[in-house]
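Q: There's a structure below that I have some questions on.
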Amino acid sequence: SLLFPNNPKISTAATYANVASAIASPDHKFMAVVPKNDAPVIALTALDTETPTTSSLTIPAASFTASPEGAAQSFTVQSWSKDSRLLLITHVYGDKTEYISFDTQSSKAHNISVELGLDITKVAYSLGDSNILYALTSARELRRLNLSSQTVSGPLVSNVGDFAVSEERLVTYETLADASGARTVGYVSSGSSKAKTLATDKSLVDKALAVATGNYYGEHYTVILRNNTVTISKGSLPASDSDAAIDLKEVTTLTLNEPGNYVGFSPELNRMVYVASGSRIVTYDLELKASSTVTLQEALTRDVEWLDPYHIVATGQNSYYYDYDGTNGQLFASNTLNQPAVLSPNEKYIYYFAKTESTSVLRRVKLTTD
């Protein structure tokens with residue numbers, strides 16, 4: 001477990017003019033920062049060393065559309081590829097948005113929107129191949145993109161509200177209400193051109209509906225959030241273009257005090273199912289078959305962030321980490337920025353952002369581990 005010392009040793013790992021957006025790599029080795037959101041520059045800080053270093057990477061001008069004269073532009077880091085090499089960046093120019101895939105090792109970039117001729121509202125790397133991405137178009141169609149072959153699939157699902165890439169072999173989605181008021185959640189397998197429906201509901205026209213999937217020690221779990229109720233089921237999901245029936249057995253149902261905002265699994269092992277609602281996170285331990293509640297100091301402004309498979313981190317004006325079962329909440333830094341915090345690869349430090357009088361800094365606090 002993580003042990004916080006009585007007299008923590010805090011040091012500065014990096015200094016930036018500002019922090020407009022930031023995101024830690026999946027392997028915890030890098031923190032990517034956009035210091036000024038109107039400049040195409042990424043500050044990449046290495047976290048896997050006793051003396052962190054920061055490199056300045058420039059997004060090639062040829063890979064983004066010039067902003068109209070007098071119009072503002074902004075760059076925002078959105079996500080990393082699973083191999084911690086590629087960064088997905090949104091570029092807003094005037095009233096338009098485009099998506100860029102940026103290689104942090106070569107500084108080469110693909111303008112996904114322009115190269116593939118798509119008006120995109122959301123895009124995400126697949127977990128199996130970083131050249132494959134899934135995109136939600138402005139026409140609410142879910143499509144599969146291939147940057148290597150510069151190809152776009154036909155619509156995999158239509159009338160899509162949102163989607164998530166939670167496993168290497170599939171992407172999950174939820175639809176908007178159709179003419180009858182029905183909404184569905186389902187999945188598309190990698191390589192498939194057809195979707196499979198997991199559930200349909202007519203009572204959730206304007207209420208929370210989300211789905212997440214994951215494997216825990218050889219067992220496959222599906223989690224569906226319906227407003228303030230979460231159903232956890234167990235059973236394999238056949239390829240979405242097959243005729244095989246879905247056979248899920250309910251494990252448990254969790255009831256929240258208010259509608260859920262986020263649902264998913266803890267990292268690495270997928271042992272914990274979580275659903276977040278305001279300043280409360282309900283977790284369900286698939287091993288112990290027990291639910292717990294973590295009460296945060298402030299309401300979440302983005303999805304739950306985990307330091308490791310058993311500890312949740314919440315940043316805001318002050319930053320805390322919590323055991324997954326809510327038994328221990330630890331303030332580890334004050335006067336912080338509402339940006340991601342991350343555990344170093346060797347689990348010796350927590351890195352977090354703070355503001356000084358004239359700059360923004362990435363600080364780290366040394367932990368004691370047993």
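Residue names in the structure tokens use chain letters A, B, ... in the order shown, residue numbers from 1 in each chain, and ligand numbers from 1 in the order shown.
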So that I can check the surroundings of Ser101 (chain A), please list as a PyMOL selection string every protein, DNA and RNA residue that reaches within 8 Å of it, counting only C-alpha atoms and ignoring chain neighbours fewer than 3 positions away.
A: chain A and resi 86-89+109-112
Q: Taking 6 positions as the minimum chain separation for residues in the same chain, which residues sit within 10 Å of Asn257 (chain A) when counting only C-alpha atoms? Answer as a list in words.
A: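 Final neighbour list, sorted by chain and number: Asn228, Thr229, Ser277, Gly278 and Arg280 of chain A.
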Q: Using CA of Thr356 (chain A) and CA of Phe332 (chain A) as the two end points, give the distance in Å to one decimal.
A: 17.2 Å
Q: Could you check the closest approach to Ala17 (chain A) for each of A:Val251, A:Ala39, A:Ser166, A:Val223 and tell me which residue wins, using only C-alpha atoms?
A: A:Ala39
Q: At what distance in Å, to one decimal, does CA of Asn328 (chain A) lie from CA of Thr315 (chain A)?
A: 16.0 Å
Q: Which residues, written as a CSV table (one decimal) with N, CA and C atoms, in the first residue's frame, have at least one atom at most 6 Å from Ile120 (chain A), with only C-alpha atoms counted and residues fewer than 2 positions away on the same chain left out?
A:
chain,number,residue,atom,x,y,z
A,118,LEU,N,-13.2,13.9,-42.5
A,118,LEU,CA,-14.3,13.6,-41.6
A,118,LEU,C,-14.5,14.8,-40.7
A,122,LYS,N,-15.6,13.3,-31.7
A,122,LYS,CA,-14.8,12.6,-30.7
A,122,LYS,C,-14.0,11.5,-31.4
A,136,LEU,N,-16.5,9.3,-33.6
A,136,LEU,CA,-17.9,9.7,-33.6
A,136,LEU,C,-18.0,10.9,-34.5
A,137,THR,N,-18.7,10.8,-35.6
A,137,THR,CA,-18.8,11.9,-36.6
A,137,THR,C,-20.0,12.9,-36.2
A,138,SER,N,-20.0,14.0,-36.8
A,138,SER,CA,-21.1,15.0,-36.5
A,138,SER,C,-22.4,14.5,-36.9
Q: Here is a test: counting only C-alpha atoms, which residue of A:Gly264, A:Pro40, A:Pro26, A:Gly161 is nearest to Thr283 (chain A)?
A: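 Result for the nearest residue to Thr283 (chain A): A:Gly264.
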Q: Fewer than 6 positions away in the same chain doesn't count, so skip those; otherwise give me all residues within 10 Å of region 51-58 of chain A, counting only C-alpha atoms, as a ChimeraX atom specification.
A: /A:12-16,30-34,39-45,102-108
Q: Would you kindly return, as a ChimeraX atom specification, each protein, DNA or RNA residue with an atom no farther than 10 Å from any atom of region 287-291 of chain A, considering only C-alpha atoms and excluding same-chain residues fewer than 5 positions away?
A: /A:216-217,251-252,254,271-274,282,324-325
Q: For N, CA, C and O atoms, I'd like the residues from the last selection saved as a PDB file, in the first residue's frame.
A:
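The resulting result.pdb:
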ATOM      1  N   TYR A 216     -11.466  -9.741 -15.501  1.00  0.00           N
ATOM      2  CA  TYR A 216     -10.779  -9.895 -14.222  1.00  0.00           C
ATOM      3  C   TYR A 216     -10.495 -11.370 -14.006  1.00  0.00           C
ATOM      4  O   TYR A 216     -11.420 -12.180 -13.837  1.00  0.00           O
ATOM      5  N   TYR A 217      -9.237 -11.741 -14.057  1.00  0.00           N
ATOM      6  CA  TYR A 217      -8.787 -13.123 -13.879  1.00  0.00           C
ATOM      7  C   TYR A 217      -9.603 -14.122 -14.703  1.00  0.00           C
ATOM      8  O   TYR A 217     -10.158 -15.088 -14.177  1.00  0.00           O
ATOM      9  N   VAL A 251     -24.399 -10.299 -11.508  1.00  0.00           N
ATOM     10  CA  VAL A 251     -23.584 -10.480 -10.308  1.00  0.00           C
ATOM     11  C   VAL A 251     -24.173  -9.685  -9.149  1.00  0.00           C
ATOM     12  O   VAL A 251     -24.362 -10.197  -8.051  1.00  0.00           O
ATOM     13  N   THR A 252     -24.469  -8.411  -9.412  1.00  0.00           N
ATOM     14  CA  THR A 252     -25.059  -7.569  -8.376  1.00  0.00           C
ATOM     15  C   THR A 252     -25.605  -6.293  -9.008  1.00  0.00           C
ATOM     16  O   THR A 252     -25.289  -5.962 -10.157  1.00  0.00           O
ATOM     17  N   LEU A 254     -26.053  -2.118  -7.924  1.00  0.00           N
ATOM     18  CA  LEU A 254     -25.732  -1.055  -6.976  1.00  0.00           C
ATOM     19  C   LEU A 254     -26.694   0.104  -7.201  1.00  0.00           C
ATOM     20  O   LEU A 254     -27.025   0.428  -8.343  1.00  0.00           O
ATOM     21  N   ARG A 271      -9.935  -5.096 -11.080  1.00  0.00           N
ATOM     22  CA  ARG A 271     -10.573  -5.738  -9.916  1.00  0.00           C
ATOM     23  C   ARG A 271     -11.764  -4.941  -9.394  1.00  0.00           C
ATOM     24  O   ARG A 271     -12.748  -5.524  -8.918  1.00  0.00           O
ATOM     25  N   MET A 272     -11.677  -3.608  -9.474  1.00  0.00           N
ATOM     26  CA  MET A 272     -12.741  -2.764  -8.933  1.00  0.00           C
ATOM     27  C   MET A 272     -13.603  -2.206 -10.053  1.00  0.00           C
ATOM     28  O   MET A 272     -13.095  -1.646 -11.020  1.00  0.00           O
ATOM     29  N   VAL A 273     -14.909  -2.343  -9.895  1.00  0.00           N
ATOM     30  CA  VAL A 273     -15.849  -1.601 -10.736  1.00  0.00           C
ATOM     31  C   VAL A 273     -16.142  -0.301 -10.001  1.00  0.00           C
ATOM     32  O   VAL A 273     -16.280  -0.304  -8.774  1.00  0.00           O
ATOM     33  N   TYR A 274     -16.213   0.808 -10.709  1.00  0.00           N
ATOM     34  CA  TYR A 274     -16.551   2.060 -10.038  1.00  0.00           C
ATOM     35  C   TYR A 274     -17.630   2.802 -10.805  1.00  0.00           C
ATOM     36  O   TYR A 274     -17.773   2.678 -12.010  1.00  0.00           O
ATOM     37  N   VAL A 282     -18.749   5.031  -5.796  1.00  0.00           N
ATOM     38  CA  VAL A 282     -19.088   3.712  -5.278  1.00  0.00           C
ATOM     39  C   VAL A 282     -18.218   2.696  -6.009  1.00  0.00           C
ATOM     40  O   VAL A 282     -18.162   2.687  -7.243  1.00  0.00           O
ATOM     41  N   TYR A 324      -9.456   2.542  -2.185  1.00  0.00           N
ATOM     42  CA  TYR A 324     -10.625   2.232  -3.013  1.00  0.00           C
ATOM     43  C   TYR A 324     -11.882   1.974  -2.196  1.00  0.00           C
ATOM     44  O   TYR A 324     -13.002   2.133  -2.680  1.00  0.00           O
ATOM     45  N   ASP A 325     -11.711   1.567  -0.929  1.00  0.00           N
ATOM     46  CA  ASP A 325     -12.879   1.236  -0.105  1.00  0.00           C
ATOM     47  C   ASP A 325     -13.285   2.387   0.812  1.00  0.00           C
ATOM     48  O   ASP A 325     -14.152   2.217   1.685  1.00  0.00           O
TER      49      ASP A 325
END
Q: Determine, counting only C-alpha atoms, which protein, DNA and RNA residues have an atom within 7 Å of an atom of Leu198 (chain A); residues of the same chain fewer than 2 positions away are not included. Present the result as an MDAnalysis selection string.
A: chainID A and resid 185:186 196
Q: I need the residues from that last selection saved to file as a PDB file, in the first residue's frame (with C-alpha atoms), if you can.
A:
ATOM      1  CA  VAL A 185     -26.056   0.162 -25.193  1.00  0.00           C
ATOM      2  CA  GLY A 186     -23.930  -2.290 -27.109  1.00  0.00           C
ATOM      3  CA  LYS A 196     -24.456  -6.185 -30.920  1.00  0.00           C
TER       4      LYS A 196
END
